[in-house]
Amino acid sequence: MRSFFRASPMLLWAVRELMRRPVQAALLFAALTLTTALMSVPLLLGQSLSQTCLDLLADSPALVVRRLTTGGWAPLPAEEALACAGRVPGVLRPRVRLWGVVTTAAGQAVTVVGGTPPAGDDLVTIGQAIGIGKEVDWLPLEKGRVMLGPGLKPAAPGVSMVLTGRVSLALEVAGRLPADSSAATHDLAVVHPDDARRLLGLSSRQASDLAVDIFRREESEALCNALAGAFPWPVQVMTRAQREEFCLADVARRSGIGLLAFVPLLAAVAVLVLAVGVWGHRQRWTTGLYKAMGWTGQDILGLHVRATLLLAGPAAVVGIAIGYGLLFLPGICWVTELLYGWSAPAPALCLSAGGLAAPFMLTLLLTVVPFLCAGFWAGWQASQTDPGEMM
Amino acid sequence: MDSPMDDTAGHNSHLPPSLRTARRLLFAVFLICLLLAGGMSTDRFVRSGDPVDAAAWMRRLDLSMPALWPAGTLLRAPETASPAVLPRLGPHDCDPWDETCIATAWQLCPRQKVTP
């Protein structure tokens, strides 16, 4: 570190130049930091929401088959549907699902899911992965009991909760799903399959729809046609890719609204660029003095560039860190509150390394690069001017 | 006359007070930036955004979509949208723009039940 500073005396001189006008330097730093932070938030937000959706959808069924009638969807006869799907080559693990939308006593829409009984090792594997047994006691879920998602109230075990679908059921709250599962289970109510059927108005041999897996993602489109022809009634098959499209389109729409903030922010960047120019102009006397003392044009240019870098570099890092913290710090809820009307807890948003790089680079391109260009231009102008004119 | 920078180079131990302060400030800024960048990188790899818990529940409960959108909306359950019928024209007495009502109506009131 010592050798680094020893090798860069001009860097120290540039810091000294900034320290000679501390208020202006601090204001420029604060403005650039704020601009970078505000600009990075919508870019990071879109990227992280998309990534979160894609990561979660990767664990969802590859294909969902629903029975259609002229009036909309209709329940599936479970055994017949399983038999039909099982006959299609390439279809893996067909299973029926019990789910639907019911309302709470307060009128809140809740997705109710009929929790299937544990199947051997599956319970152990999942239990270890998500800590079942330590936090919650939800499987096997008995009749008349309900596990609530983290966003639903009341959460206290033992309290009864009324869910209303085809019938109203008062269910005893058995526990709450873990808070870190909220991206998947925020407003979910997991009940016994028999309770789910009663709530949804299904008979014991009916199911809401059918989910299947496939070997390869590329097969999904081809299997859609094969599956549609395998059932004796009209069905609608939705692939995971189609659901991803739904997700990404909505995320793009919502985060795109945030990009409207770019209009005033770009104006702010223009003002910052102007401020750098004005600052450079005010330093003409000092620059002329340096030149009179023997500094070359290259020294002057180097000094300006280093001073600009010393402002822009830390401002970019701090600004991006603020933007990152606004989205990813534990307990940060504003994103889901603002965009999706959640109360709490916040879902764990995810972001890949590649997803992190793109917003950062774009933010740097839009804020720091114009700032650096302005600093370079001011230095270039100063290096080309005669010291007599400056002083 | 040489550039004053040439005089400064190699004589940091005899720096004037203002440059010594500048060196301390530069070191502090450099350290803070390094800490922030390292903190973000570490956080990315260690904690935040790892949806393994939520993904496990997606798999376990066979969920089609994340729970980001409110229950009952078409975005939450796009598979419930009928390709043949525009939901907003459905006879469910819903506000045409109230997607929650429309989707809930589709869920709660299947128009035709199958007799097992």
# chains A, B, ... in the order shown; residues from 1 in each chain; ligands from 1

$ residues_around --residues "B:Leu61" --least-positions-apart "2" --cutoff "10 Å" --atoms "only C-alpha atoms" --output "PyMOL selection string"
(chain A and resi 60+97-99+113-116+184-185+190) or (chain B and resi 55-59+63-64)

$ atom_distance --atom1 "atom CA of A:Pro77" --atom2 "atom CA of A:Val96"
9.4 Å

$ residues_around --residues "stretch 38-42 of chain A" --least-positions-apart "3" --cutoff "9 Å" --atoms "only C-alpha atoms" --output "PyMOL selection string"
chain A and resi 33-35+45-47+255-259+261-262+265+319-320+322-324+326-327+359-360+362-364+366-367

$ select_by_dssp --residues "stretch 149-323 of chain A" --states "helix (DSSP H, G or I)" --output "count of residues only"
108
